[in-house]
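Colleague: You'll find my_file-v7.cif just under this line, and it carries mmCIF, C-alpha atoms (C1' of nucleotides).
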data_target
#
loop_
_atom_site.label_atom_id
_atom_site.label_comp_id
_atom_site.auth_asym_id
_atom_site.auth_seq_id
_atom_site.Cartn_x
_atom_site.Cartn_y
_atom_site.Cartn_z
CA MET C 1 -17.36 -1.66 23.04
CA PRO C 2 -21.00 -2.50 23.61
CA CYS C 3 -23.41 -2.32 20.73
CA ARG C 4 -25.42 0.70 21.85
CA LYS C 5 -27.85 0.82 18.98
CA ARG C 6 -30.81 -1.25 19.91
CA CYS C 7 -32.79 -0.44 16.84
CA GLY C 8 -33.94 -3.32 14.65
CA ASP C 9 -31.90 -5.37 12.24
CA GLN C 10 -30.20 -3.64 9.37
CA TRP C 11 -30.42 -4.92 5.82
CA TRP C 12 -26.87 -6.24 5.98
CA HIS C 13 -27.07 -8.11 9.29
CA GLY C 14 -28.08 -11.32 7.62
CA LYS C 15 -25.21 -11.31 5.18
CA ILE C 16 -22.73 -10.85 7.98
CA LYS C 17 -24.24 -13.40 10.29
CA ASP C 18 -24.47 -15.93 7.48
CA CYS C 19 -20.71 -15.81 7.20
CA GLY C 20 -20.37 -16.43 10.94
CA TYR C 21 -19.41 -12.87 11.84
CA ARG C 22 -20.82 -10.92 14.76
CA ILE C 23 -22.61 -7.59 14.74
CA THR C 24 -20.71 -4.91 16.64
CA ALA C 25 -21.03 -1.16 17.07
CA GLY C 26 -17.83 -0.59 15.12
CA ARG C 27 -19.11 -2.58 12.19
CA GLU C 28 -22.40 -0.74 12.22
CA ALA C 29 -20.58 2.55 12.16
CA ILE C 30 -18.31 1.49 9.31
CA ILE C 31 -21.09 0.21 7.11
CA GLU C 32 -23.22 3.24 7.88
CA THR C 33 -20.37 5.49 6.87
CA LEU C 34 -19.85 3.66 3.62
CA SER C 35 -23.54 3.65 2.82
CA SER C 36 -23.98 7.37 3.45
CA THR C 37 -21.57 8.53 0.77
CA HIS C 38 -20.64 8.03 -2.83
CA ASP C 39 -17.03 8.95 -2.16
CA HIS C 40 -14.33 6.37 -2.52
CA LEU C 41 -13.08 6.19 1.04
CA SER C 42 -9.75 4.89 2.22
CA ALA C 43 -9.42 3.15 5.57
CA GLU C 44 -8.08 6.35 7.05
CA ASP C 45 -11.02 8.29 5.58
CA VAL C 46 -13.46 5.95 7.25
CA TYR C 47 -11.55 6.31 10.49
CA ALA C 48 -11.73 10.10 10.29
CA ARG C 49 -15.47 10.09 9.64
CA ILE C 50 -16.21 7.73 12.50
CA HIS C 51 -13.81 9.01 15.08
CA ASP C 52 -16.04 11.79 16.48
CA ARG C 53 -18.91 9.55 17.36
CA PHE C 54 -16.85 6.43 18.08
CA PRO C 55 -13.55 7.63 19.50
CA ASN C 56 -12.59 4.16 20.51
CA VAL C 57 -12.87 2.43 17.16
CA GLY C 58 -9.24 2.08 16.17
CA LEU C 59 -7.72 2.08 12.73
CA THR C 60 -6.84 -1.58 13.09
CA THR C 61 -10.49 -2.42 13.45
CA ILE C 62 -11.31 -0.41 10.36
CA TYR C 63 -8.82 -2.41 8.34
CA ARG C 64 -9.98 -5.69 9.79
CA THR C 65 -13.63 -4.88 9.26
CA LEU C 66 -13.19 -3.69 5.70
CA ASP C 67 -11.28 -6.84 4.95
CA MET C 68 -14.04 -8.92 6.44
CA LEU C 69 -16.65 -7.05 4.45
CA VAL C 70 -14.72 -7.68 1.26
CA ASN C 71 -14.71 -11.37 2.15
CA ALA C 72 -18.41 -11.31 2.83
CA GLY C 73 -18.93 -9.71 -0.55
CA LEU C 74 -20.47 -6.55 0.87
CA VAL C 75 -17.62 -4.27 -0.04
CA PHE C 76 -15.41 -3.89 -3.07
CA LYS C 77 -11.80 -2.80 -2.72
CA PHE C 78 -10.33 -0.57 -5.39
CA ASP C 79 -6.91 0.63 -6.36
CA PHE C 80 -6.93 3.98 -8.11
CA GLY C 81 -3.18 4.25 -8.19
CA ASP C 82 -2.57 6.64 -5.32
CA GLY C 83 -1.05 4.11 -2.97
CA LYS C 84 -3.99 3.49 -0.72
CA ALA C 85 -6.91 1.12 -1.08
CA ARG C 86 -10.40 2.54 -1.49
CA TYR C 87 -13.60 0.88 -0.42
CA GLU C 88 -17.15 0.97 -1.68
CA LEU C 89 -20.29 -0.93 -0.76
CA THR C 90 -21.26 -3.39 -3.47
CA GLU C 91 -24.90 -2.72 -2.73
CA GLY C 92 -27.12 -0.62 -0.50
CA PRO C 93 -30.38 -1.27 1.31
CA LYS C 94 -32.14 -0.89 -2.02
CA GLY C 95 -29.88 -3.27 -3.90
CA ALA C 96 -26.90 -2.83 -6.17
CA HIS C 97 -26.09 0.49 -7.77
CA HIS C 98 -23.96 -0.72 -10.64
CA HIS C 99 -21.29 1.62 -11.94
CA HIS C 100 -17.76 1.67 -13.22
CA HIS C 101 -14.92 4.17 -12.88
CA LEU C 102 -13.14 6.73 -14.94
CA VAL C 103 -9.79 7.58 -13.33
CA CYS C 104 -7.73 10.68 -14.07
CA THR C 105 -4.05 9.76 -13.98
CA GLY C 106 -3.19 13.43 -13.57
CA CYS C 107 -5.05 14.32 -10.38
CA ASN C 108 -6.39 10.91 -9.31
CA ARG C 109 -9.95 12.12 -9.46
CA VAL C 110 -12.46 9.35 -10.00
CA ILE C 111 -15.75 9.69 -11.83
CA ASP C 112 -18.43 7.07 -11.40
CA TYR C 113 -20.35 6.45 -14.57
CA THR C 114 -23.44 4.44 -15.24
CA ASP C 115 -23.77 5.25 -18.91
CA PHE C 116 -23.31 2.33 -21.26
CA ILE C 117 -23.39 0.09 -18.22
CA ASP C 118 -26.17 -2.08 -19.59
CA ASP C 119 -24.22 -3.01 -22.70
CA GLU C 120 -21.12 -3.59 -20.64
CA VAL C 121 -22.85 -5.74 -18.10
CA GLU C 122 -24.49 -7.75 -20.84
CA LEU C 123 -21.16 -8.41 -22.53
CA LEU C 124 -19.49 -9.13 -19.22
CA ARG C 125 -22.08 -11.72 -18.38
CA ARG C 126 -21.38 -13.54 -21.63
CA THR C 127 -17.63 -13.27 -21.20
CA GLU C 128 -17.90 -14.43 -17.64
CA LYS C 129 -19.80 -17.50 -18.73
CA GLY C 130 -17.26 -18.31 -21.42
CA LEU C 131 -14.31 -17.81 -19.15
CA SER C 132 -15.63 -19.79 -16.25
CA ASP C 133 -16.40 -22.70 -18.57
CA LYS C 134 -13.07 -22.64 -20.31
CA TYR C 135 -10.82 -22.08 -17.31
CA ARG C 136 -13.02 -23.78 -14.75
CA PHE C 137 -13.06 -20.69 -12.60
CA ARG C 138 -15.92 -19.59 -10.40
CA ILE C 139 -16.16 -15.92 -11.22
CA ASP C 140 -17.50 -13.67 -8.47
CA ASN C 141 -16.73 -10.23 -9.67
CA HIS C 142 -15.28 -7.97 -12.29
CA LEU C 143 -13.50 -4.68 -12.51
CA ILE C 144 -13.65 -2.17 -15.32
CA GLN C 145 -11.79 1.09 -15.22
CA PHE C 146 -10.86 3.63 -17.82
CA TYR C 147 -7.76 5.75 -17.38
CA GLY C 148 -7.11 9.12 -18.87
CA THR C 149 -6.86 12.81 -18.26
CA CYS C 150 -9.73 14.95 -17.04
CA THR C 151 -10.74 18.34 -18.44
CA GLU C 152 -8.95 20.31 -15.73
CA CYS C 153 -5.71 18.41 -16.16
CA LEU C 154 -5.94 18.69 -19.95
CA ALA C 155 -6.11 22.47 -19.59
CA LYS C 156 -2.61 22.53 -18.10
CA MET B 157 27.11 2.55 -15.61
CA PRO B 158 28.09 2.76 -19.26
CA CYS B 159 25.78 1.44 -21.91
CA ARG B 160 27.83 -1.55 -22.98
CA LYS B 161 25.53 -2.84 -25.66
CA ARG B 162 26.56 -1.26 -28.89
CA CYS B 163 24.15 -3.17 -31.05
CA GLY B 164 21.67 -1.17 -33.12
CA ASP B 165 18.57 0.57 -31.95
CA GLN B 166 15.86 -1.40 -30.27
CA TRP B 167 12.22 -1.08 -31.26
CA TRP B 168 11.45 0.94 -28.15
CA HIS B 169 14.29 3.47 -28.34
CA GLY B 170 12.23 5.94 -30.31
CA LYS B 171 9.36 5.92 -27.86
CA ILE B 172 11.70 6.66 -25.00
CA LYS B 173 13.69 9.34 -26.75
CA ASP B 174 10.52 11.02 -27.95
CA CYS B 175 9.60 11.59 -24.33
CA GLY B 176 12.99 13.13 -23.65
CA TYR B 177 14.40 10.16 -21.78
CA ARG B 178 17.87 8.70 -22.28
CA ILE B 179 18.84 5.17 -23.19
CA THR B 180 20.86 3.46 -20.47
CA ALA B 181 22.08 -0.05 -19.84
CA GLY B 182 19.77 -0.41 -16.89
CA ARG B 183 16.75 0.53 -18.96
CA GLU B 184 17.76 -1.88 -21.70
CA ALA B 185 18.05 -4.65 -19.15
CA ILE B 186 14.67 -3.87 -17.62
CA ILE B 187 12.79 -3.73 -20.89
CA GLU B 188 14.55 -6.86 -22.10
CA THR B 189 13.49 -8.65 -18.95
CA LEU B 190 9.90 -7.58 -19.34
CA SER B 191 9.80 -8.51 -22.99
CA SER B 192 11.24 -11.97 -22.45
CA THR B 193 8.44 -13.23 -20.22
CA HIS B 194 4.69 -13.42 -19.95
CA ASP B 195 4.89 -13.41 -16.16
CA HIS B 196 3.52 -10.49 -14.22
CA LEU B 197 6.67 -9.21 -12.60
CA SER B 198 6.92 -7.03 -9.53
CA ALA B 199 9.75 -4.52 -9.18
CA GLU B 200 11.56 -6.96 -6.93
CA ASP B 201 11.09 -9.73 -9.50
CA VAL B 202 12.68 -7.59 -12.18
CA TYR B 203 15.51 -6.78 -9.81
CA ALA B 204 16.12 -10.46 -9.10
CA ARG B 205 16.19 -11.38 -12.78
CA ILE B 206 18.58 -8.61 -13.68
CA HIS B 207 20.89 -8.72 -10.72
CA ASP B 208 23.20 -11.49 -11.97
CA ARG B 209 24.11 -9.72 -15.16
CA PHE B 210 23.82 -6.18 -13.84
CA PRO B 211 24.80 -6.31 -10.18
CA ASN B 212 24.91 -2.56 -9.99
CA VAL B 213 21.40 -1.78 -11.09
CA GLY B 214 19.68 -0.93 -7.83
CA LEU B 215 16.10 -1.46 -6.81
CA THR B 216 15.56 2.28 -6.79
CA THR B 217 16.40 2.43 -10.46
CA ILE B 218 14.01 -0.37 -11.20
CA TYR B 219 11.18 1.54 -9.56
CA ARG B 220 12.14 4.76 -11.28
CA THR B 221 12.46 3.14 -14.65
CA LEU B 222 9.20 1.25 -14.41
CA ASP B 223 7.48 4.44 -13.42
CA MET B 224 9.01 6.21 -16.38
CA LEU B 225 7.95 3.44 -18.71
CA VAL B 226 4.41 3.68 -17.43
CA ASN B 227 4.52 7.41 -18.17
CA ALA B 228 5.88 6.75 -21.63
CA GLY B 229 3.02 4.32 -22.20
CA LEU B 230 5.32 1.34 -22.74
CA VAL B 231 4.37 -0.46 -19.56
CA PHE B 232 1.13 -1.09 -17.75
CA LYS B 233 1.02 -1.29 -13.97
CA PHE B 234 -1.37 -3.77 -12.38
CA ASP B 235 -2.67 -4.45 -8.93
CA PHE B 236 -3.69 -8.05 -8.40
CA GLY B 237 -4.38 -7.58 -4.73
CA ASP B 238 -1.26 -9.09 -3.20
CA GLY B 239 0.19 -5.81 -2.04
CA LYS B 240 2.78 -5.26 -4.72
CA ALA B 241 2.50 -3.67 -8.12
CA ARG B 242 3.02 -5.82 -11.21
CA TYR B 243 4.30 -4.62 -14.54
CA GLU B 244 3.75 -5.73 -18.09
CA LEU B 245 4.84 -4.35 -21.45
CA THR B 246 1.91 -2.85 -23.32
CA GLU B 247 3.43 -4.05 -26.58
CA GLY B 248 6.39 -5.97 -27.91
CA PRO B 249 8.60 -5.59 -30.98
CA LYS B 250 5.79 -7.09 -33.00
CA GLY B 251 3.11 -4.81 -31.63
CA ALA B 252 0.47 -5.17 -28.96
CA HIS B 253 -0.59 -8.56 -27.61
CA HIS B 254 -3.96 -7.63 -26.22
CA HIS B 255 -5.23 -9.61 -23.26
CA HIS B 256 -7.09 -9.26 -20.01
CA HIS B 257 -6.78 -10.98 -16.66
CA LEU B 258 -8.58 -13.54 -14.60
CA VAL B 259 -7.47 -13.30 -10.97
CA CYS B 260 -7.93 -16.00 -8.33
CA THR B 261 -8.67 -14.37 -5.00
CA GLY B 262 -7.71 -17.59 -3.25
CA CYS B 263 -4.12 -18.04 -4.42
CA ASN B 264 -3.55 -14.83 -6.36
CA ARG B 265 -2.80 -16.73 -9.54
CA VAL B 266 -3.42 -14.73 -12.68
CA ILE B 267 -4.51 -16.16 -16.00
CA ASP B 268 -4.13 -14.11 -19.15
CA TYR B 269 -6.97 -14.65 -21.56
CA THR B 270 -7.45 -13.52 -25.10
CA ASP B 271 -10.78 -15.21 -25.69
CA PHE B 272 -13.70 -12.87 -26.25
CA ILE B 273 -11.20 -10.05 -26.44
CA ASP B 274 -12.44 -8.87 -29.81
CA ASP B 275 -15.97 -8.32 -28.58
CA GLU B 276 -14.68 -6.68 -25.45
CA VAL B 277 -12.36 -4.37 -27.28
CA GLU B 278 -15.10 -3.44 -29.72
CA LEU B 279 -17.47 -2.55 -26.90
CA LEU B 280 -14.75 -0.73 -25.01
CA ARG B 281 -13.98 1.39 -28.00
CA ARG B 282 -17.59 2.48 -28.19
CA THR B 283 -17.82 3.11 -24.45
CA GLU B 284 -14.57 5.00 -24.52
CA LYS B 285 -15.89 7.27 -27.22
CA GLY B 286 -19.10 7.91 -25.34
CA LEU B 287 -17.36 8.57 -22.06
CA SER B 288 -14.72 10.88 -23.42
CA ASP B 289 -17.40 12.94 -25.15
CA LYS B 290 -19.67 13.14 -22.16
CA TYR B 291 -17.08 13.75 -19.48
CA ARG B 292 -14.54 15.54 -21.67
CA PHE B 293 -11.84 13.11 -20.67
CA ARG B 294 -9.00 12.01 -22.88
CA ILE B 295 -9.01 8.27 -22.36
CA ASP B 296 -5.67 6.52 -22.76
CA ASN B 297 -6.27 3.11 -21.38
CA HIS B 298 -8.60 0.66 -19.79
CA LEU B 299 -8.47 -2.18 -17.32
CA ILE B 300 -10.64 -5.26 -17.24
CA GLN B 301 -10.21 -7.96 -14.67
CA PHE B 302 -12.38 -10.81 -13.51
CA TYR B 303 -12.09 -12.09 -9.96
CA GLY B 304 -12.97 -15.52 -8.73
CA THR B 305 -11.70 -18.85 -7.53
CA CYS B 306 -9.57 -21.16 -9.63
CA THR B 307 -10.06 -24.92 -9.99
CA GLU B 308 -7.37 -25.79 -7.44
CA CYS B 309 -8.76 -23.43 -4.82
CA LEU B 310 -12.30 -24.64 -5.48
CA ALA B 311 -11.16 -28.17 -4.70
CA LYS B 312 -10.34 -27.16 -1.12
"C1'" DT X 313 36.18 15.82 -26.72
"C1'" DC X 314 33.82 18.71 -23.49
"C1'" DC X 315 29.60 20.30 -21.12
"C1'" DT X 316 25.20 20.18 -19.46
"C1'" DT X 317 21.96 17.77 -17.28
"C1'" DA X 318 19.51 13.47 -16.60
"C1'" DA X 319 20.20 9.13 -14.35
"C1'" DT X 320 22.22 6.42 -10.70
"C1'" DG X 321 22.65 3.62 -6.18
"C1'" DG X 322 22.67 3.04 -1.38
"C1'" DG X 323 20.64 3.94 2.59
"C1'" DA X 324 17.45 6.34 5.15
"C1'" DA X 325 12.72 7.81 5.34
"C1'" DC X 326 8.01 7.17 4.61
"C1'" DT X 327 3.46 5.18 4.68
"C1'" DA X 328 -0.13 1.88 4.23
"C1'" DT X 329 -1.16 -2.20 6.18
"C1'" DT X 330 -0.59 -6.35 9.33
"C1'" DT X 331 0.65 -8.70 13.49
"C1'" DT X 332 0.67 -9.53 18.43
"C1'" DC X 333 -1.49 -10.04 22.71
"C1'" DA X 334 -3.96 -9.23 26.70
"C1'" DA X 335 -8.57 -7.31 27.62
"C1'" DT X 336 -13.40 -7.06 26.35
"C1'" DA X 337 -17.91 -7.91 24.46
"C1'" DA X 338 -21.29 -10.68 21.38
"C1'" DT X 339 -23.70 -14.81 20.97
"C1'" DA X 340 -25.28 -19.62 22.24
"C1'" DC X 341 -26.84 -22.28 25.73
"C1'" DC X 342 -28.97 -22.97 29.85
"C1'" DG I 343 -31.49 -13.27 32.87
"C1'" DG I 344 -26.87 -15.41 33.80
"C1'" DT I 345 -22.81 -17.70 32.26
"C1'" DA I 346 -19.34 -19.89 29.20
"C1'" DT I 347 -17.31 -19.69 24.93
"C1'" DT I 348 -15.09 -17.54 21.45
"C1'" DA I 349 -14.79 -13.74 18.22
"C1'" DT I 350 -13.51 -9.00 18.36
"C1'" DT I 351 -11.07 -5.17 20.16
"C1'" DG I 352 -7.24 -1.27 20.47
"C1'" DA I 353 -2.59 0.11 21.08
"C1'" DA I 354 1.84 -0.39 19.94
"C1'" DA I 355 5.24 -2.63 17.41
"C1'" DA I 356 6.53 -4.85 13.22
"C1'" DT I 357 6.52 -5.31 8.29
"C1'" DA I 358 6.90 -4.36 3.45
"C1'" DG I 359 6.51 -1.87 -0.66
"C1'" DT I 360 7.86 2.32 -2.42
"C1'" DT I 361 9.94 6.95 -2.48
"C1'" DC I 362 13.32 10.46 -1.15
"C1'" DC I 363 17.97 12.38 -0.68
"C1'" DC I 364 22.32 13.57 -2.37
"C1'" DA I 365 26.81 13.08 -3.90
"C1'" DT I 366 28.58 10.67 -8.06
"C1'" DT I 367 28.42 9.13 -12.82
"C1'" DA I 368 27.32 8.81 -17.56
"C1'" DA I 369 24.31 10.01 -21.94
"C1'" DG I 370 23.83 12.87 -25.71
"C1'" DG I 371 24.26 17.31 -28.00
"C1'" DA I 372 27.63 20.90 -29.38
#
Please rewrite the model in this file as C-alpha cells.

Modeller:
Amino acid sequence: MPCRKRCGDQWWHGKIKDCGYRITAGREAIIETLSSTHDHLSAEDVYARIHDRFPNVGLTTIYRTLDMLVNAGLVFKFDFGDGKARYELTEGPKGAHHHHHLVCTGCNRVIDYTDFIDDEVELLRRTEKGLSDKYRFRIDNHLIQFYGTCTECLAK
Amino acid sequence: MPCRKRCGDQWWHGKIKDCGYRITAGREAIIETLSSTHDHLSAEDVYARIHDRFPNVGLTTIYRTLDMLVNAGLVFKFDFGDGKARYELTEGPKGAHHHHHLVCTGCNRVIDYTDFIDDEVELLRRTEKGLSDKYRFRIDNHLIQFYGTCTECLAK
DNA sequence: TCCTTAATGGGAACTATTTTCAATAATACC
DNA sequence: GGTATTATTGAAAATAGTTCCCATTAAGGA
C-alpha cells in the first residue's frame, strides 16, 4: 500500500528510521491511532479503529508493527490480566506523559494515575541505578501497577 | 484422587478452607511444588514437576488450582513477556519473602532482587494509601518490574 | 457411614498471536 | 525521475497457552 500522506515528517519518523525501519501508511495509521487516545488498546482494537480508513491493513501488520514499535522504544506493551496485550505510546509529540496504572481485578478497568508519580520516579531512578550497578544490567524501563477492586466492584 | 497424605495440617490449609475451598492431594502437590523452589514456574512447569509422583493430576487441574490460589491470595501471577503466565507463592510457611523482578528482554531471564526493597515498600505503602483514598479503590497488591538487558545479552 | 456438592481429567474448543510465502512498495543509488 | 534492492505486506494456516464441557470421583459435614 502506497504511503498516501505526503505531509511533512512526523515527530516519530526519526526514531523509526534510526532503527532502520521504513515509514509506511500502515505505520502512520497505527501510531496516529495510538496517539489520539488515552485508552489501552489491544491489537484488535487498533485494527478496528483503523479498518474504515485503511481497509487493507491486516491484523498481522498491526501485530508486527506494534512489536516493532516496542522494539524501537516508542510503545509500551502491558498485560492487565485479561488475556490480551495492550499497547500505549511511551511518549507523544510533546514528550513523555508519565503515568502508572491502577487495575481492578474485578472488572479489568484500568485507571491511569499521575499522582505521587514524582516521588515514585525519583525512587525508581535511584533503585535503577543501584540495580544496574549490582547486577550489571542495562535498565531501559520499569513497570508499576497496583491491583485492587474499584468502587463499583466493591459495591457488589 | 484420594488425599493420601494423612500428616497434619499444612500452614496454608486455613487460608484455603477460609475461602470455602477443599484440600485435595493435587492442591497439596501444587503448593508443595511452588514452595520448594524459587523458580518462576509456568502451569506446564508445575505439571512436569508433579507428573512423576501424581500421574493423574491433569494440566486442567493445575490451571484451575493456580487460578484458585491467586483468588485466595496465596499465589501471584506474573507476565514476563514470554507468552506464558508464571506463578509464585506470595508467602511461605515462614511468612512473606518480599522481592521484585528484573527482567531481561533479550533472553527473558528473571532476577529476583531484594535490595532497596525497604525503601520501595515504604513508598508503595504511602502511594497505596493516597491512591485508594483518591480513587476509592481497595488495593490488594502491587507489581514492580524493571526491564533491560542482562550482562550476557549485552556482550552480544 | 451416607449425602451433598466441589473437584477432577481428558479431550475438544477457543483465542491471541506467529509463521509462511508470494506479491508489493519504500528507499538508496544512479 | 527510473531502477534495483530489500523490507513490508495480507491472507490463510499453524501454533500455543488457556478454558470449557461433562460424566465421574472424592472431600467434608451430618

Colleague: Just say which residues the PyMOL selection byres ((chain B and resi 258) around 10) picks in this file, as JSON, numbers by chain.

Modeller: {"C": [128, 131, 132, 135, 137, 139, 142], "B": [236, 256, 257, 259, 260, 261, 264, 265, 266, 267, 268, 269, 300, 301, 302, 303, 304, 305, 306]}

Colleague: Where does the PyMOL selection byres ((chain C) within 9 of (chain I)) land in this file, that is, which residues does it pick, as number ranges by chain?

Modeller: C: 1, 21-22, 24, 56-61

Colleague: I need the residue set behind the PyMOL selection byres ((chain C and resi 36-38) around 10) for this file; please write it as a list in words.

Modeller: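 So the PyMOL selection byres ((chain C and resi 36-38) around 10) ends up selecting Ile31, Glu32, Thr33, Leu34, Ser35, Asp39, His40, Leu41, Glu88, Leu89, Gly92 and Asp112 of chain C.
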
Colleague: Could you jot down the CA of Asp223 in chain B to C1' of DT317 in chain X separation for me, Å, one decimal place?

Modeller: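 These atoms are spaced 20.1 Å apart.
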
Colleague: I'd like to know which of B:Gly286, B:Gly239, B:Gly229, B:Gly170 is closest to chain X, using all atoms listed in the file.

Modeller: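 Closest to chain X, using all atoms listed in the file: B:Gly239.
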
Colleague: For a test of reading the model, state the distance in Å between CA of Phe78 in chain C and C1' of DA325 in chain X, rounded to one decimal.

Modeller: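 About the pair CA of Phe78 in chain C and C1' of DA325 in chain X: they are 26.8 Å apart.
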
Colleague: Quick one: which residues from chain X are at most 12 Å off chain B, using only C-alpha atoms (C1' of nucleotides), as a list in words?

Modeller: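 Those within range of chain B come out as DT317, DA318, DA319, DT320, DG321, DG322, DG323, DA328, DT329 and DT330 of chain X.
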
Colleague: What gap, in Å, lies between CA of Phe76 in chain C and CA of Thr90 in chain C?

Modeller: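 It comes out at 5.9 Å.
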
Colleague: For Tyr203 in chain B, list every protein, DNA or RNA residue within 7 Å, evaluated using all atoms listed in the file, and leave out those in the same chain fewer than 4 positions away; present the list as JSON, numbers by chain.

Modeller: {"B": [199, 207, 215, 218]}

Colleague: Tell me which of C:Asp9, C:Asp118, C:Asp79, C:Asp133 sits closest to chain B, counting only C-alpha atoms.

Modeller: C:Asp79

Colleague: B:Leu299, B:Ala241, B:Val226, B:Ile186: which is nearest chain C, counting all atoms listed in the file?

Modeller: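 Ranked by minimum distance to chain C, first place goes to B:Leu299.
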